[in-house]
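> Please see the structure below; I have some questions.
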Amino acid sequence: MQRIGVFVCWCGSNIAATVDVDAVAQAVKTEPGVAFSTNYQYMCSEGGQAIIRNAIAEHKLTGIVVCACSPRMHEATFRKTAATAGLNPYMVEIANIREQCSWIHKDREKATVKAIILSRAAVAKLNLDSPLTAGETPVTKRALVIGGGIAGIQTALDIADAGYEVDIVEKTPTIGGKMAMLDKTFPTLDCSACILTPKMVDAAAHEKITLYTYSEVEKVSGFVGNFTVDIRKRARSVDADRCTGCGDCMEKCPSKKSKSEFNQGLSNRSAIYIPFAQAIPNVPVIDREACIKFQTGKCGVCQKICSAKAVDYEQQDEIMTRRYGAIVAATGFKTINLGRFEEFQYAQSPDVITSLEFERLCNAAGPTKGKVMRLSNHETPKTVVFVQCVGSRSTVECGKTYCSKICCMYTAKHAMLLKEKYPETEVYVFYIDVRTPGKGFDEFYRRAAEEYGVRYVKGMVGKVAEENGRLRVQASDLIADKQLVIEADMVVLAAAIEPDPSARNLATLLTASMDTNDFFTEAHPKLRPVESPTAGVYLSGVCQGPKDIPDTVSQAGAAAAKVIGLLAKDKLVGNPCVAGCNEPLCNGCSACELVCPYGAITYEEKTVMDHGVREQRRVASVNEALCQGCGACTVTCPSGAMDLKGFTNLQIMAEVDAICR
Amino acid sequence: MPINAESGEFKPMIVAFCCNWCSYAGADLAGSSRLSYPADVKIIRVPCSCRVNPLFMLRAFQRGADGVIMCGCHPGDCHYTSGNYFARRRMALLFSMLEYLGIEKGRVRVEWVSAAEGQKFAITMNQFAETVAALGECKRLEDLRCQP
Ligand SMILES: Cc1cc2nc3c(=O)[nH]c(=O)nc-3n(C[C@H](O)[C@H](O)[C@H](O)COP(=O)(O)OP(=O)(O)OC[C@H]3O[C@@H](n4cnc5c(N)ncnc54)[C@H](O)[C@@H]3O)c2cc1C
Ligand code: SF4
Ligand code: SF4
């Protein structure tokens, strides 16, 4: 039998004005198990807590009910109070007689009766409480960052600087992501490579950071503090330890017809290649699909030419198993496929390009050495039309409903860069709205429109058609309310961005959730923006939603701070209100496993006593570190074997009974 | 539940199961916004709507409840990602069975209330209490052995 103390709070007049607190304290005295009851002005104050502590000692209480404000407010406070007085902190129940009683009812009599009933229910529940201890698990002090764009690099650097080991897994042969492809960056127009490559070097040189490029995450198991991850290191066919990065192989490779991914297909590369000059690591990889040796068995030029003897055709994929305390998703984005936007003729005309292709054309290290030219005839364009919101804020099926957020700004940047290189060029920008919320952003856009004479036209481009070697652009000018026809030499499409296609599979591996657009969802859109709802999984960069570099870097730092906070702990204290299987009742049907969103349930062969008969059979077992305590399994279980600690079937029934009395 | 001896006014007995993360917080918000609803509604806190066993609802009716409502996070917003979907399906089944047993449809309800929807919580409870009050006492499942 419990010895319960009931403490009714006045909350100043918040409760006492509408609820007769003394009557409540008197009424519960006769409830089973109640050994003591009292009321006080502010239970949560030091004075109130002292009353509780003293009563626990004096009346040898085994549990307490506090009739006060919402448990969401002070449950934690009173659990601590109980703990300091030597009680198990889970032998505490709260009757919410403020938010759910005194504040919403005016009639003192009704409110008092209701407060008594709510307190009775809490007492009934407490009678069936048992002491719970939260499990502790040690934390593996190493983090995994998936994706080596600016987001992943920054997160890794910040974690490593705090003294923790970090691995970066990047699926392409180099880190750097999209930022490495950009020419100059808004709003300051500093050169992207100049600010990014030092960070790439820092990451590679950092003693706490290990890079796994050309690698992918293949399997994830475990839970916060203790993930086990299988990483597939794809065969580069080049021994990174021997390679000096001289580049002789690339030069001599006879297969030179593959499209350069880094240059957005605007130039070709050899079968053995380094994506770009500052790539990290500076070690080539053989694209086996394009390699003559791999396809026909003849060739082997690169192996012969390599003085370091680094080329290794026999190299195999390698699976490494590593343990981590925290995982950060930083998988970034890609631009959407424009093939289905037929009105823009992207697939048909070489002079219709995407903004990312335009970045490569502008870039001095790019395929045209920084000359902006028409790809059809290599001439400098005289009239260029930029189209914003291609596939963003769209209602058509192949588009995206959201705003890609970066296009207004980079289009203004492109227009200015173009005007700076070729002041005579006529530049049009078609827009739905120009959205420039950001420090120095609106000023940047106005400079394009006002100082550089870029012609901003509010309206959508309806059709682009090739005609006599030029592009006929039909568009509407919504402000002048007329149709425009522009003879252009180049059309640049600000394609919407979308999450990297591998993100969905990764989300499944991580049991992290995604929104309908496949962006990772955050644990709370406002208050927990860099955590995923899955404990121990964090989000960095565009994989969580469209962002520019300043926002990406801030989020990357925030994610790192969260990871550091986790890794700084030696042990994690879990939630003790987890499911548990009553083995003699379980028949191993698997129903519970199917509904558990966290994969917390597995099965074990065990010897159980079933009605006095010793039997070997399959029973469910809950991993308490994984279980989040939702209770889905408890209701699904047809045998009533699963129950949830802290919210047991009997406890909830007892509450029902106490209310319906 | 009891008909008030003096006024003759029928006061229904209503049990509301609320999930901790959304609807219980919504009820708290209704409270801190001072949005009133009948004192006949008593809330039981559960971690997730998927913790609500149909047996709990049956128990309430056996014990003389006149109406039972379950509130959870909006579909897609479940704190545990999918709990409310399970709850929704379970309740759909239970409600059709209850109707078969002669419990009027108006006595049971599922409503999604977010932590921000204090007003929706209060409006829901007002409406539900009104509907249940209009249906009067629910004796269909009452188990006399459960009487104290
Ligand atoms: C045309 C254009 C111009 C822009 N100009 C500017 C500008 O001027 N200023 C500005 O602030 N911002 C600009 N941006 C935005 C900027 O590019 C992004 O904010 C930034 O690149 C986001 O970095 P990220 O690391 O989140 O993503 P990414 O750069 O996409 O990096 C993600 C990385 O993760 C890797 N990856 C993906 N999936 C996996 C996986 N499953 N496993 C392992 N690795 C994976 C990718 O290969 C990639 O290396 C521009 C964007 C575009 C498209
Ligand atoms: S309570 Fe929820 S999280 Fe825990 S084992 Fe059951 S279904 Fe899984
Ligand atoms: S649902 Fe119940 S009976 Fe079936 S395996 Fe899970 S615990 Fe055992």
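Every chain in the structure tokens has a letter given in the order shown (A, B, ...), and although residue numbers restart at 1 in each chain, ligands are simply numbered from 1 in the order shown.
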Produce a table with one row for each residue of chain B that has an atom at most 7 Å from any atom of chain A, each row naming the nearest atom pair and its distance in Å at one decimal; use only C-alpha atoms; arrange rows by chain and rising residue number; format as a tab-separated table.


```
residue	atom	partner	partner_atom	distance
B:Met13	CA	A:Cys660	CA	7.0
B:Ala27	CA	A:Gln100	CA	6.8
B:Asp28	CA	A:Glu99	CA	5.1
B:Gly31	CA	A:Glu99	CA	4.1
B:Ser32	CA	A:Glu99	CA	5.9
B:Arg34	CA	A:Ile104	CA	5.2
B:Leu35	CA	A:Ile104	CA	5.8
B:Ser36	CA	A:Ile104	CA	4.3
B:Tyr37	CA	A:Ile104	CA	6.6
B:Ala39	CA	A:Lys114	CA	6.5
B:Pro47	CA	A:Cys630	CA	5.7
B:Cys48	CA	A:Cys630	CA	5.5
B:Cys50	CA	A:Ala632	CA	5.0
B:Arg51	CA	A:Gly631	CA	4.6
B:Asn53	CA	A:Val635	CA	5.2
B:Phe56	CA	A:Met653	CA	6.1
B:Ala60	CA	A:Val656	CA	5.9
B:Arg63	CA	A:Cys660	CA	5.8
B:Gly64	CA	A:Cys660	CA	6.3
B:Ala65	CA	A:Cys660	CA	6.1
B:Tyr80	CA	A:Cys630	CA	6.5
B:Ser82	CA	A:Pro597	CA	6.9
B:Gly83	CA	A:Ala632	CA	6.3
```

> Counting only C-alpha atoms and all ligand atoms, name the residues that have an atom within 7 Å of an atom of ligand 1; the answer should be given as a PyMOL selection string.

chain A and resi 146-152+169-172+175-179+182+184-187+215-217+330-335+355-356+359+406+410+413+497+500+502-503+506+540-543+547-550+552

> Just want the residues within 8 Å of ligand 3, written as a VMD selection string, counting only C-alpha atoms and all ligand atoms.

chain A and resid 581 to 583 585 to 593 601 603 619 to 621 633 to 634 636 to 642

> Extract, using only C-alpha atoms, all DNA, RNA and protein residues at most 9 Å from Ser49 in chain B, discarding same-chain residues fewer than 4 positions from it, and format them as a PyMOL selection string.

(chain A and resi 630-632) or (chain B and resi 17-20+53+70-73+78+83-88)

> Select, from A:Leu471, A:Glu604, A:Lys645, A:Thr38, the residue with the minimum atom-to-atom distance to Val46 in chain B, counting only C-alpha atoms.

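Answer, going by the shortest atom-to-atom distance: A:Lys645.
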
> Pick out the residues sitting within 8 Å of Gly370 in chain A, and hand them over as a ChimeraX atom specification; count only C-alpha atoms, and ignore anything fewer than 6 positions along from it in its own chain.

/A:360-364

> Could you check which of B:Ala30, B:Ile69, B:Leu93, B:Leu101 is closest to Lys139 in chain B, using only C-alpha atoms?

B:Leu101

> For Pro525 in chain A, please output as a ChimeraX atom specification all residues within 12 Å (counting only C-alpha atoms; exclusion window: fewer than 4 positions along the same chain).

/A:515,520-521,529-533,544-545 /B:77

> Write to file, as a PDB file, in the first residue's frame, the residues of the selection just made, with N, CA, C and O atoms.


```pdb
ATOM      1  N   ASP A 515       9.693  16.040 -45.181  1.00  0.00           N
ATOM      2  CA  ASP A 515       8.413  16.638 -45.561  1.00  0.00           C
ATOM      3  C   ASP A 515       8.034  16.140 -46.952  1.00  0.00           C
ATOM      4  O   ASP A 515       8.737  15.315 -47.543  1.00  0.00           O
ATOM      5  N   PHE A 520      14.559  17.207 -45.128  1.00  0.00           N
ATOM      6  CA  PHE A 520      14.497  16.638 -43.783  1.00  0.00           C
ATOM      7  C   PHE A 520      13.659  17.554 -42.895  1.00  0.00           C
ATOM      8  O   PHE A 520      13.770  18.779 -42.996  1.00  0.00           O
ATOM      9  N   THR A 521      12.859  16.973 -42.006  1.00  0.00           N
ATOM     10  CA  THR A 521      12.095  17.828 -41.099  1.00  0.00           C
ATOM     11  C   THR A 521      12.850  17.991 -39.784  1.00  0.00           C
ATOM     12  O   THR A 521      13.553  17.103 -39.334  1.00  0.00           O
ATOM     13  N   PRO A 529      15.407  23.857 -34.660  1.00  0.00           N
ATOM     14  CA  PRO A 529      15.543  23.840 -36.126  1.00  0.00           C
ATOM     15  C   PRO A 529      16.694  23.002 -36.672  1.00  0.00           C
ATOM     16  O   PRO A 529      16.729  22.739 -37.861  1.00  0.00           O
ATOM     17  N   VAL A 530      17.650  22.586 -35.851  1.00  0.00           N
ATOM     18  CA  VAL A 530      18.768  21.827 -36.415  1.00  0.00           C
ATOM     19  C   VAL A 530      18.797  20.378 -35.947  1.00  0.00           C
ATOM     20  O   VAL A 530      19.731  19.644 -36.232  1.00  0.00           O
ATOM     21  N   GLU A 531      17.738  19.987 -35.221  1.00  0.00           N
ATOM     22  CA  GLU A 531      17.667  18.601 -34.788  1.00  0.00           C
ATOM     23  C   GLU A 531      16.601  17.907 -35.609  1.00  0.00           C
ATOM     24  O   GLU A 531      15.576  18.509 -35.912  1.00  0.00           O
ATOM     25  N   SER A 532      16.821  16.662 -35.935  1.00  0.00           N
ATOM     26  CA  SER A 532      15.744  15.909 -36.553  1.00  0.00           C
ATOM     27  C   SER A 532      14.927  15.316 -35.407  1.00  0.00           C
ATOM     28  O   SER A 532      15.412  15.246 -34.285  1.00  0.00           O
ATOM     29  N   PRO A 533      13.683  14.895 -35.668  1.00  0.00           N
ATOM     30  CA  PRO A 533      12.904  14.314 -34.570  1.00  0.00           C
ATOM     31  C   PRO A 533      13.548  13.037 -34.021  1.00  0.00           C
ATOM     32  O   PRO A 533      13.221  12.608 -32.922  1.00  0.00           O
ATOM     33  N   GLN A 544      17.789  20.556 -45.260  1.00  0.00           N
ATOM     34  CA  GLN A 544      16.650  20.826 -44.378  1.00  0.00           C
ATOM     35  C   GLN A 544      15.678  21.805 -45.035  1.00  0.00           C
ATOM     36  O   GLN A 544      14.505  21.862 -44.685  1.00  0.00           O
ATOM     37  N   GLY A 545      16.138  22.582 -46.001  1.00  0.00           N
ATOM     38  CA  GLY A 545      15.287  23.550 -46.682  1.00  0.00           C
ATOM     39  C   GLY A 545      16.195  24.506 -47.436  1.00  0.00           C
ATOM     40  O   GLY A 545      17.363  24.638 -47.085  1.00  0.00           O
TER      41      GLY A 545
ATOM     42  N   ASP B  77       1.691  15.389 -38.019  1.00  0.00           N
ATOM     43  CA  ASP B  77       2.432  16.135 -36.997  1.00  0.00           C
ATOM     44  C   ASP B  77       2.716  15.333 -35.743  1.00  0.00           C
ATOM     45  O   ASP B  77       3.168  15.876 -34.745  1.00  0.00           O
TER      46      ASP B  77
END
```

> Quick one, how far is CA of Gly580 in chain A from CA of Arg323 in chain A?

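Interatomic distance here is 26.9 Å.
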
> Can you pull out every residue within 12 Å of Glu443 in chain A, counting only C-alpha atoms, but drop anything in the same chain fewer than 4 positions away, and send it as a ChimeraX atom specification?

/A:186-188,409,412-413,435-439,447-451

> What does the structure give for the distance between CA of Leu196 in chain A and CA of Ile274 in chain A, in Å to one decimal?

17.5 Å

> I'd like to know which residues of chain B are strand (DSSP E or B) (by DSSP, run on the backbone); could you write them as JSON, numbers by chain?

{"B": [3, 10, 14, 15, 16, 17, 18, 19, 41, 42, 43, 44, 45, 46, 67, 68, 69, 70, 71, 72, 108, 109, 110, 111, 112]}

> Mind writing the picked residues with N, CA, C and O atoms as a tab-separated table (two decimals), in the first residue's frame?


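Output saved as again_15.tsv:
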```
chain	number	residue	atom	x	y	z
B	3	ILE	N	-28.24	13.58	-12.54
B	3	ILE	CA	-29.08	14.72	-12.83
B	3	ILE	C	-29.11	15.53	-11.55
B	3	ILE	O	-29.37	14.97	-10.48
B	10	PHE	N	-29.18	18.17	-16.50
B	10	PHE	CA	-28.37	16.97	-16.74
B	10	PHE	C	-26.92	17.37	-16.98
B	10	PHE	O	-26.62	18.22	-17.82
B	14	ILE	N	-17.94	13.34	-19.12
B	14	ILE	CA	-17.18	13.23	-20.36
B	14	ILE	C	-15.70	13.00	-20.08
B	14	ILE	O	-15.10	13.71	-19.28
B	15	VAL	N	-15.14	12.02	-20.73
B	15	VAL	CA	-13.70	11.74	-20.58
B	15	VAL	C	-13.01	12.13	-21.87
B	15	VAL	O	-13.47	11.78	-22.97
B	16	ALA	N	-11.93	12.88	-21.74
B	16	ALA	CA	-11.16	13.28	-22.92
B	16	ALA	C	-9.74	12.74	-22.80
B	16	ALA	O	-9.04	13.03	-21.83
B	17	PHE	N	-9.33	11.92	-23.76
B	17	PHE	CA	-7.94	11.45	-23.79
B	17	PHE	C	-7.14	12.42	-24.66
B	17	PHE	O	-7.52	12.66	-25.81
B	18	CYS	N	-6.09	12.99	-24.09
B	18	CYS	CA	-5.30	13.96	-24.85
B	18	CYS	C	-3.84	13.54	-24.90
B	18	CYS	O	-3.26	13.19	-23.87
B	19	CYS	N	-3.25	13.64	-26.07
B	19	CYS	CA	-1.84	13.30	-26.19
B	19	CYS	C	-1.00	14.42	-25.58
B	19	CYS	O	-1.36	15.58	-25.63
B	41	VAL	N	-16.05	18.05	-18.67
B	41	VAL	CA	-14.96	17.41	-19.40
B	41	VAL	C	-13.77	17.20	-18.49
B	41	VAL	O	-13.27	18.14	-17.88
B	42	LYS	N	-13.29	15.95	-18.37
B	42	LYS	CA	-12.11	15.66	-17.57
B	42	LYS	C	-11.07	15.03	-18.49
B	42	LYS	O	-11.37	14.07	-19.20
B	43	ILE	N	-9.88	15.56	-18.39
B	43	ILE	CA	-8.83	15.12	-19.32
B	43	ILE	C	-7.91	14.08	-18.70
B	43	ILE	O	-7.50	14.20	-17.56
B	44	ILE	N	-7.58	13.05	-19.49
B	44	ILE	CA	-6.56	12.08	-19.09
B	44	ILE	C	-5.39	12.23	-20.06
B	44	ILE	O	-5.58	12.19	-21.28
B	45	ARG	N	-4.22	12.42	-19.49
B	45	ARG	CA	-3.03	12.64	-20.33
B	45	ARG	C	-2.39	11.32	-20.73
B	45	ARG	O	-2.14	10.47	-19.88
B	46	VAL	N	-2.15	11.16	-22.01
B	46	VAL	CA	-1.44	9.98	-22.51
B	46	VAL	C	-0.28	10.47	-23.38
B	46	VAL	O	-0.34	11.58	-23.90
B	67	GLY	N	-19.96	10.38	-22.68
B	67	GLY	CA	-19.27	10.69	-23.93
B	67	GLY	C	-17.78	10.55	-23.74
B	67	GLY	O	-17.26	10.77	-22.65
B	68	VAL	N	-17.08	10.10	-24.79
B	68	VAL	CA	-15.62	9.96	-24.71
B	68	VAL	C	-15.02	10.54	-25.98
B	68	VAL	O	-15.47	10.23	-27.09
B	69	ILE	N	-14.02	11.38	-25.81
B	69	ILE	CA	-13.38	12.00	-26.96
B	69	ILE	C	-11.87	11.75	-26.89
B	69	ILE	O	-11.30	11.69	-25.80
B	70	MET	N	-11.28	11.55	-28.06
B	70	MET	CA	-9.84	11.38	-28.10
B	70	MET	C	-9.23	12.48	-28.97
B	70	MET	O	-9.69	12.71	-30.07
B	71	CYS	N	-8.22	13.16	-28.44
B	71	CYS	CA	-7.57	14.21	-29.22
B	71	CYS	C	-6.10	13.86	-29.42
B	71	CYS	O	-5.45	13.31	-28.54
B	72	GLY	N	-5.60	14.21	-30.59
B	72	GLY	CA	-4.19	13.93	-30.88
B	72	GLY	C	-3.61	15.03	-31.75
B	72	GLY	O	-4.29	16.01	-32.08
B	108	VAL	N	-19.06	9.69	-29.19
B	108	VAL	CA	-17.61	9.48	-29.35
B	108	VAL	C	-17.10	10.41	-30.44
B	108	VAL	O	-17.81	10.75	-31.37
B	109	ARG	N	-15.88	10.80	-30.29
B	109	ARG	CA	-15.33	11.72	-31.29
B	109	ARG	C	-13.81	11.66	-31.27
B	109	ARG	O	-13.19	11.38	-30.24
B	110	VAL	N	-13.23	11.90	-32.44
B	110	VAL	CA	-11.78	12.05	-32.54
B	110	VAL	C	-11.54	13.45	-33.08
B	110	VAL	O	-12.23	13.89	-33.99
B	111	GLU	N	-10.63	14.17	-32.47
B	111	GLU	CA	-10.33	15.52	-32.98
B	111	GLU	C	-8.83	15.76	-32.92
B	111	GLU	O	-8.17	15.35	-31.97
B	112	TRP	N	-8.30	16.38	-33.95
B	112	TRP	CA	-6.86	16.72	-33.95
B	112	TRP	C	-6.71	18.16	-33.49
B	112	TRP	O	-7.28	19.07	-34.08
```

> Going by DSSP on the backbone, which residues of range 89-335 of chain A come out as helix (DSSP H, G or I)? List them as number ranges by chain.

A: 98-102, 108-127, 150-161, 177-181, 192-205, 248-252, 292-296, 301-305

> Using only C-alpha atoms and all ligand atoms, can you tell me which of B:Gln119, B:Pro12, B:Val52, B:Asp40 comes closest to ligand 2?

B:Val52
